[in-house]
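Colleague: Let me give you the structure first, and then I'll get to my questions.
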2 protein chains.
Amino acid sequence: MTTDYTSHDTICAPSSPPGTGAVALIRVSGSDAIKIASKIFRPLKKGKSINSFRPQRIYRGQILDSGKAIDEVLVWVFKSPNSYTGENIVEISCHGSEYIQQSIMELLSKKGARVARPGEFTLRAFLNGKMDLSQAEAVADLVASASEVSHRLAYKQMRGHFSWRIEELRRQLVEFASLIELELDFSEEDLKFASREKLIKLLNKIEKELTILIDSFSVGNVLKTGVPVAIIGKPNVGKSTLLNAILNEEKAIVSETPGTTRDAIEDTIIIDGIGFRFIDTAGLRDSDDTIENMGVEKTYQKINQASIILYMFDASETAIEEINETVEQFMQVIDDKSKKMILIANKTDLLMEIPKNFRNLVDLETIFVSAKRKTNINLITDSLVQAFKKELPSKEDVIVSNTRHHQALKETRDIIKNLQKGIDEKLSGDLLSTDLRTALYHLGTITGEITSEEILDNIFGKFCIGK
Amino acid sequence: MTTDYTSHDTICAPSSPPGTGAVALIRVSGSDAIKIASKIFRPLKKGKSINSFRPQRIYRGQILDSGKAIDEVLVWVFKSPNSYTGENIVEISCHGSEYIQQSIMELLSKKGARVARPGEFTLRAFLNGKMDLSQAEAVADLVASASEVSHRLAYKQMRGHFSWRIEELRRQLVEFASLIELELDFSEEDLKFASREKLIKLLNKIEKELTILIDSFSVGNVLKTGVPVAIIGKPNVGKSTLLNAILNEEKAIVSETPGTTRDAIEDTIIIDGIGFRFIDTAGLRDSDDTIENMGVEKTYQKINQASIILYMFDASETAIEEINETVEQFMQVIDDKSKKMILIANKTDLLMEIPKNFRNLVDLETIFVSAKRKTNINLITDSLVQAFKKELPSKEDVIVSNTRHHQALKETRDIIKNLQKGIDEKLSGDLLSTDLRTALYHLGTITGEITSEEILDNIFGKFCIGK
């Protein structure tokens, strides 16, 4: 289903969460919003119609179905262009029964409004210039964000912090274009030395800034969706018990990520404002945890996707001398050798004492716990937060958290590299200009100056209804 | 936990349904509502504070957490007494992520608001004289109502239709009291004949009106919770197939009633605005469906609770001549012999033709269907609606749907009967007055003129949060 992006027909949807509550909010937007809402609303004060309502004031009245009142509601109007969508908006605050919400939606449909598609209000806000595309995407991220950090990322992006950076890059590219135009003598084949120096300097600056943004994605992406943590270990070392102990310790928001399969259930918990996604892998084989025995490809993938690995072993059974070797073998399957790994020595409740020579024998950070007795679990959560806080850029930095933006930035940088090479190779201004236009195109897709129906359908189709 | 009914401390709660949505609404009510909300809100227009906001106007701004903006919101104020609770109310419309809702709730708590208990806003509305108790109860019913009919009952009660009837009864009782005071000569032992006639006439009128209200409960109660329909029959006659066919036919709201056990799952479907609860009974034994074999007590109870019984048999196997006898045997276990029963002759797909002599042989309304092929299912739903529509009082009638009200009305009528007897027996005015006060007491509990903390805790504890 494609959307008609020129249509100004009137759309309606409940904007409050689905289900039953004390009150619900139904939003109507479009050129006929006021006319349509008027047909089902009887104001408390006779003679007043929605048409005469002053914007942003709250009026009482009843919703009428064929002359019969079905609810007492509050109604207010936002007049175009001073509204979320930029169109006329009527909002109805009704009692929050599903029956009432459904009845009002049916009445609005009967009178000519269309049920809004997911994200259609925000799509209209974008199309009417109320926000750029990256801000619109941030609205969806904001609503979906479950941790302080992911919320902060989305909020900053919605407020335009990221857009300003893109705008600044764009400005520099345009500056570069004017330089070429000024300095290049198209009849000659070369640039003056001074000008070339200046152009190269500017391109390097742009490339550097792009790289900072592109590199921030590795952090931004996990902050947005939760830092993936894999708990690895042989069967019966206590992986599930540890996971439950961590969940208990934190008493934090716990959710199952929808769409994950039974063999890799992901629990997300928020620790110190950061979301951590615990990946329950199939685990290592009992016999021998070498590469050959690591089992399914899936486990291998999961481990490589994880930002942090908790390598767990049974401290009451494992010979300390062997741990380094086992870990080294394990590291051979890891693509990123610098990946953060913490050893978890479990079942300290079965130990007389923690072996004194341990720290001398094992190279990795090791935490001794009893998952069963819930001893020292806080050391693990502290370590997780510390491990990741080190990676966090400063609060002023703009962090890219959106895959689409990341892709566009990488494509822009590729072109910048072409341009650098082109200047080195003394390419003609014409060829440089073509590259420049392509770079501006890629940057433009981020903020939506350049867009296509496919991109828009893809972005707004993932929104919730009513936004 | 008991509520402090004199407190005016400031309470807050999300009023929109729980969960994630485009927007959520957080309500703050109490003497410090404006002061507390001011502390976490920065208006878009500098210099404006919530304190200076004009009531019922919508202002934009940000929610601040230690100076850091966490959301862009709309805020409006209702000033006491012109608000739902009668107190000052601030409402915050924020982005509908659970993180944001939770953060704003925490901020409000930190600044001195208390998280509201279920129904506490409506409790305050009652305590501050914004509505009487039966209207407050109707608010909860309205939010919970899932069908047109249950919604209409609740809406009328919320609008005060029931309260007016109670007020009218109260007025008549007070009139009776003045008559006694006027006509009774307390030094004599008797009433004048004319006065006694008048008093008896008035009592009869009151009793008649009470009886109409009391009798309406049998309908009101099932309309509110859904008309219970039991599908009865031997195993393999196709009960489950029929239920699924009905659910399919109607494409209506289907829900499992929470709290029902596996052996009696109740599906509620809305047909023509009326909710029907289909009770899946354990069924009759295969061998012989006499009383002895009807199985568990539970099935027996379920059948007696049902307003309508669908007695189902396999038309391809059952000898028509035996049906009357079987049904008669079955009727012996039914307490209410006048209970509506419809025979469902299933598996017509296995019949060559519907037996011609059937209508002459069987006394009950019989519908021939094929549950498997979904043939004639609409005849059953039509019949269900017709069966119950006959029972419906006219739309102008006030219907009692609340068990507490029903109980109070019955207690009032008992006293009225005492009074009738008392006048017959020429009791003294003193004794009559005592009865009168008791009758007024019971009527007063309905609208809440007379109440107790226990009653209030019981009523408002069942509300949803935020109402």
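Each chain of the structure tokens is named A, B, ... in the order shown, its residues numbered from 1; ligands are numbered from 1 in display order.
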Run DSSP on the backbone and tell me which residues of segment 75-108 of chain A come out as strand (DSSP E or B); list them as a ChimeraX atom specification.
Modeller: /A:75-78,89-95
Colleague: Can I get the selection written as a compact mmCIF listing (two decimals), in the first residue's frame, with N, CA, C and O atoms?
Modeller:
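Result file is selection21.txt:
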```
# COMPACT_ATOMS: atom_id res chain seq x y z
N VAL A 75 -12.97 19.04 24.04
CA VAL A 75 -12.52 19.19 22.65
C VAL A 75 -11.69 20.45 22.52
O VAL A 75 -11.98 21.45 23.18
N TRP A 76 -10.62 20.37 21.74
CA TRP A 76 -9.86 21.59 21.43
C TRP A 76 -9.34 21.54 20.01
O TRP A 76 -9.29 20.47 19.39
N VAL A 77 -8.99 22.72 19.53
CA VAL A 77 -8.62 22.87 18.13
C VAL A 77 -7.23 23.50 18.04
O VAL A 77 -6.88 24.35 18.84
N PHE A 78 -6.41 22.98 17.09
CA PHE A 78 -5.19 23.69 16.69
C PHE A 78 -5.40 24.10 15.24
O PHE A 78 -5.75 23.27 14.40
N ILE A 89 -6.24 20.73 13.30
CA ILE A 89 -6.37 19.53 14.13
C ILE A 89 -7.48 19.74 15.16
O ILE A 89 -7.57 20.81 15.76
N VAL A 90 -8.33 18.72 15.32
CA VAL A 90 -9.27 18.70 16.44
C VAL A 90 -8.89 17.52 17.31
O VAL A 90 -8.67 16.41 16.80
N GLU A 91 -8.78 17.73 18.62
CA GLU A 91 -8.51 16.62 19.53
C GLU A 91 -9.70 16.44 20.47
O GLU A 91 -10.26 17.41 20.96
N ILE A 92 -10.07 15.18 20.64
CA ILE A 92 -11.22 14.84 21.49
C ILE A 92 -10.71 14.01 22.66
O ILE A 92 -10.12 12.94 22.47
N SER A 93 -10.91 14.52 23.86
CA SER A 93 -10.55 13.75 25.06
C SER A 93 -11.82 13.13 25.60
O SER A 93 -12.70 13.82 26.10
N CYS A 94 -11.94 11.80 25.45
CA CYS A 94 -13.17 11.09 25.82
C CYS A 94 -12.90 10.14 26.98
O CYS A 94 -11.76 9.97 27.41
N HIS A 95 -13.97 9.51 27.50
CA HIS A 95 -13.76 8.45 28.49
C HIS A 95 -13.05 7.30 27.79
O HIS A 95 -13.33 7.00 26.63
```
Colleague: Near chain A, meaning an atom within 8 Å, which residues of chain B appear when counting only C-alpha atoms? Write them as a ChimeraX atom specification.
Modeller: /B:15-25,56-59,70-71,95-99,142-148,151-152,155,464-467
Colleague: Near Ile367 of chain B, within 10 Å and counting only C-alpha atoms, which residues show up once chain neighbours fewer than 6 positions away are dropped, as JSON, numbers by chain?
Modeller: {"B": [310, 312, 342, 343, 344, 345, 346, 376, 377, 379, 380, 383]}
Colleague: May I have the residues within 10 Å of Glu120 of chain A as a PDB file with C-alpha atoms, in the first residue's frame, using only C-alpha atoms and disregarding those fewer than 4 positions away in the same chain?
Modeller:
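Result file is out_20.pdb:
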```pdb
ATOM      1  CA  THR A   3       0.479   6.579   0.496  1.00  0.00           C
ATOM      2  CA  ILE A  11      -7.463  11.506   9.023  1.00  0.00           C
ATOM      3  CA  CYS A  12      -8.293  10.331  12.538  1.00  0.00           C
ATOM      4  CA  ALA A  13      -6.845   7.920  15.104  1.00  0.00           C
ATOM      5  CA  SER A  29      -6.245  16.238  11.205  1.00  0.00           C
ATOM      6  CA  THR A  85       0.790  18.343  11.422  1.00  0.00           C
ATOM      7  CA  VAL A 115      -8.533   6.114   9.755  1.00  0.00           C
ATOM      8  CA  ALA A 116      -4.906   7.272   9.791  1.00  0.00           C
ATOM      9  CA  ARG A 124       2.167  15.191   7.371  1.00  0.00           C
ATOM     10  CA  ALA A 125       4.226  17.206   9.859  1.00  0.00           C
ATOM     11  CA  PHE A 126       7.285  16.381   7.718  1.00  0.00           C
ATOM     12  CA  ASP A 457       6.711   4.401   3.364  1.00  0.00           C
ATOM     13  CA  PHE A 460       6.513   5.948   8.647  1.00  0.00           C
ATOM     14  CA  GLY A 461       5.171   2.431   8.256  1.00  0.00           C
ATOM     15  CA  PHE A 463       5.401   4.211  13.527  1.00  0.00           C
ATOM     16  CA  CYS A 464       2.619   3.475  15.950  1.00  0.00           C
ATOM     17  CA  ILE A 465      -0.948   4.406  15.068  1.00  0.00           C
ATOM     18  CA  GLY A 466      -1.955   7.907  16.133  1.00  0.00           C
ATOM     19  CA  LYS A 467       1.509   9.444  15.890  1.00  0.00           C
TER      20      LYS A 467
END
```
Colleague: Between atom CA of Ala136 of chain B and atom CA of Asn221 of chain B, what is the distance, to one decimal in Å?
Modeller: 17.7 Å
Colleague: Could you tell me how far atom CA of Pro118 of chain A lies from atom CA of Ser163 of chain A, in Å and to one decimal?
Modeller: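 Distance reported for this atom pair: 23.6 Å.
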